[in-house]
2 protein chains.
Amino acid sequence: MNAKAIAVDTLETPLQRNLSKLVALSEQDAQFLNDLYSRRKTYPKRYELVLEGDTEQRGFVLWNGWACTYKMLLDGARQIVDVRIPGDFIGLRGLLLQASDHSCIAETPVEISEFSWDELLATFRRAPRFATSVLWVAARDEAILVEHLVDIGRRDTLSRTAHFMLELGERLQSVRLGSHVGFECPLPQSLFADALGMSAIHMNRCLRILRERGLMTFQNNQVTFDDRPGLAELAGFDASYMNRRPPTSRSAIAREV
Amino acid sequence: MNAKAIAVDTLETPLQRNLSKLVALSEQDAQFLNDLYSRRKTYPKRYELVLEGDTEQRGFVLWNGWACTYKMLLDGARQIVDVRIPGDFIGLRGLLLQASDHSCIAETPVEISEFSWDELLATFRRAPRFATSVLWVAARDEAILVEHLVDIGRRDTLSRTAHFMLELGERLQSVRLGSHVGFECPLPQSLFADALGMSAIHMNRCLRILRERGLMTFQNNQVTFDDRPGLAELAGFDASYMNRRPPTSRSAIAREV
């Protein structure tokens with residue numbers, strides 16, 4: 001495969017779509033992404049990518065498949081921290097701490113590339129514009145975490161289910177893996193229960209009510225927004241927290257590059 | 001005031017305590033902290049430091065006093081995202097997004113310094129070791145957010161109250177504003193209810209039960225851990241997610257500086 005062909009591959013990856021929303025990436029940035037992409041590996045469903053307490057200080061890019069990050073409690077309860085879809089980083093926070101504060105498991109077969117802390121820093125020094133993009137993605141991920149907190153802290157179970165599904169739909173749409181009317185979803189209902197602090201039975205009941213009200217359907221691995229405006233109203237969903245642009249256009253870094 | 005005197009002041013601030021846990025800061029780093037410290041301003045209780053949607057891309061260092069970040073829902077419910085204590089940054093995430101995804105209000109009179117995105121980036125370029133410290137603090141804050149998510153998602157109301165109080169105590173102790181047996185707390189009970197997804201009445205009941213069991217007391221603005229091991233056991237509290245060291249010792253940045 002020649003360099004040009006690789007570049008085309010990478011341009012079409014979800015990570016490139018996420019990052020290039022922000023700034024036109026340089027050739028150097030594209031090279032780093034190409035390098036990462038070319039050394040991707042495949043792992044089976046249920047493979048544990050990260051275990052809480054891991055001290056290896058490595059991160060991953062998820063190219064294909066779905067994963068979720070979670071924490072286990074002493075009593076065996078599980079809290080899903082977030083769902084990772086193609087184009088997402090895994091373990092950025094763990095790179096900075098001495099050990100990972102969460103676990104991450106593949107929910108489908110996945111294609112991922114691993115990178116080290118040193119490698120990321122070296123890239124940041126070579127390509128500060130790329131660094132800004134990565135930091136922006138990290139900030140967006142944290143904004144999603146904050147909304148997740150609001151979901152389970154202050155939204156009733158119907159609204160929080162609607163909000164979480166709309167958010168996931170928006171994220172998938174932005175990497176062209178979903179559309180305005182829905183997305184294919186390989187995750188079981190029980191995982192959404194663990195994400196939203198509900199029992200599996202309660203989650204099942206919520207999904208039934210949403211379907212009966214004509215708002216959304218989750219069946220046969222397919223989420224369909226039957227009435228997206230109505231669903232968004234119920235959820236109080238406003239996607240702006242995910243779509244905010246970074247300040248690169250007027251930042252010192254942008255001027256410098 | 002001569003340079004030496006300022007340096008001593010800064011060394012004694014909670015921010016310095018937080019950052020210098022990681023690496024011995026350089027003179028340049030100290031200079032930036034001194035500059036920040038010397039331009040601090042005082043604001044009254046209830047002052048809105050940040051409003052959701054603010055586009056000013058500025059951050060703050062909190063030198064004195066307490067603040068909290070929150071999101072309001074359309075129905076008027078409030079979710080406290082986190083409590084900010086002396087030595088904490090405010091608005092780091094908003095610096096990277098185009099607008100703040102949350103609001104922040106002073107819960108007591110506060111002393112803060114404001115800085116811009118450009119200023120932070122300029123400092124990062126001059127002092128990469130300082131940048132690593134700031135990023136580590138941001139990662140620690142995000143780890144606290146993840147625990148907060150677990151609190152309200154999967155811990156029962158007694159455990160989550162105990163966990164949140166122990167965490168706050170640990171954070172205060174690390175900037176020498178609390179001890180192993182407790183801390184002075186200017187926040188009202190209702191704020192903890194809004195942080196933990198509970199009603200004020202339910203929070204009051206939880207605190208009564210914890211007191212009656214001899215585990216902790218929250219009275220007259222004072223939190224006392226009457227039986228810290230018992231409280232930690234109830235909460236499943238393990239402070240390691242806050243105390244993990246950054247990988248500076250073996251990072252490219254550390255070698256470079």
# chains A, B, ... in the order shown; residues from 1 in each chain; ligands from 1
$ closest_atom_pairs --of "chain B" --to "chain A" --cutoff "7 Å" --atoms "only C-alpha atoms" --output "Markdown table"
| residue | atom | partner | partner_atom | distance |
| --- | --- | --- | --- | --- |
| B:Leu74 | CA | A:Gly236 | CA | 6.7 |
| B:Ala77 | CA | A:Arg154 | CA | 6.7 |
| B:Gln79 | CA | A:Val150 | CA | 5.9 |
| B:Val81 | CA | A:Val146 | CA | 6.8 |
| B:Arg93 | CA | A:Ala139 | CA | 5.4 |
| B:Leu96 | CA | A:Pro246 | CA | 5.3 |
| B:Leu97 | CA | A:Pro246 | CA | 4.7 |
| B:Gln98 | CA | A:Arg245 | CA | 5.0 |
| B:Ala99 | CA | A:Arg244 | CA | 6.7 |
| B:Asp101 | CA | A:Tyr241 | CA | 5.9 |
| B:Asp118 | CA | A:Ala252 | CA | 5.6 |
| B:Leu121 | CA | A:Ala252 | CA | 6.9 |
| B:Trp136 | CA | A:Leu96 | CA | 5.5 |
| B:Ala139 | CA | A:Arg93 | CA | 5.4 |
| B:Ala143 | CA | A:Asp101 | CA | 6.8 |
| B:Val146 | CA | A:Val81 | CA | 6.8 |
| B:Leu149 | CA | A:Leu149 | CA | 5.4 |
| B:Val150 | CA | A:Gln79 | CA | 5.9 |
| B:Ile152 | CA | A:Gly153 | CA | 6.1 |
| B:Gly153 | CA | A:Gly197 | CA | 4.1 |
| B:Arg154 | CA | A:Gly197 | CA | 5.7 |
| B:Leu196 | CA | A:Gly153 | CA | 6.4 |
| B:Gly197 | CA | A:Gly153 | CA | 4.1 |
| B:Gly236 | CA | A:Leu74 | CA | 6.7 |
| B:Tyr241 | CA | A:Asp101 | CA | 5.9 |
| B:Arg244 | CA | A:Gln98 | CA | 5.1 |
| B:Arg245 | CA | A:Gln98 | CA | 5.0 |
| B:Pro246 | CA | A:Leu97 | CA | 4.7 |
| B:Pro247 | CA | A:Gln98 | CA | 5.8 |
| B:Ser251 | CA | A:Asp118 | CA | 5.7 |
| B:Ala252 | CA | A:Asp118 | CA | 5.6 |
$ atom_distance --atom1 "CA of Pro229 (chain B)" --atom2 "CA of Gln173 (chain B)"
16.3 Å
$ residues_around --residues "Arg84 (chain A)" --least-positions-apart "5" --cutoff "12 Å" --atoms "only C-alpha atoms" --output "count of residues only"
30
$ atom_distance --atom1 "CA of Glu167 (chain B)" --atom2 "CA of Ile201 (chain B)"
22.3 Å
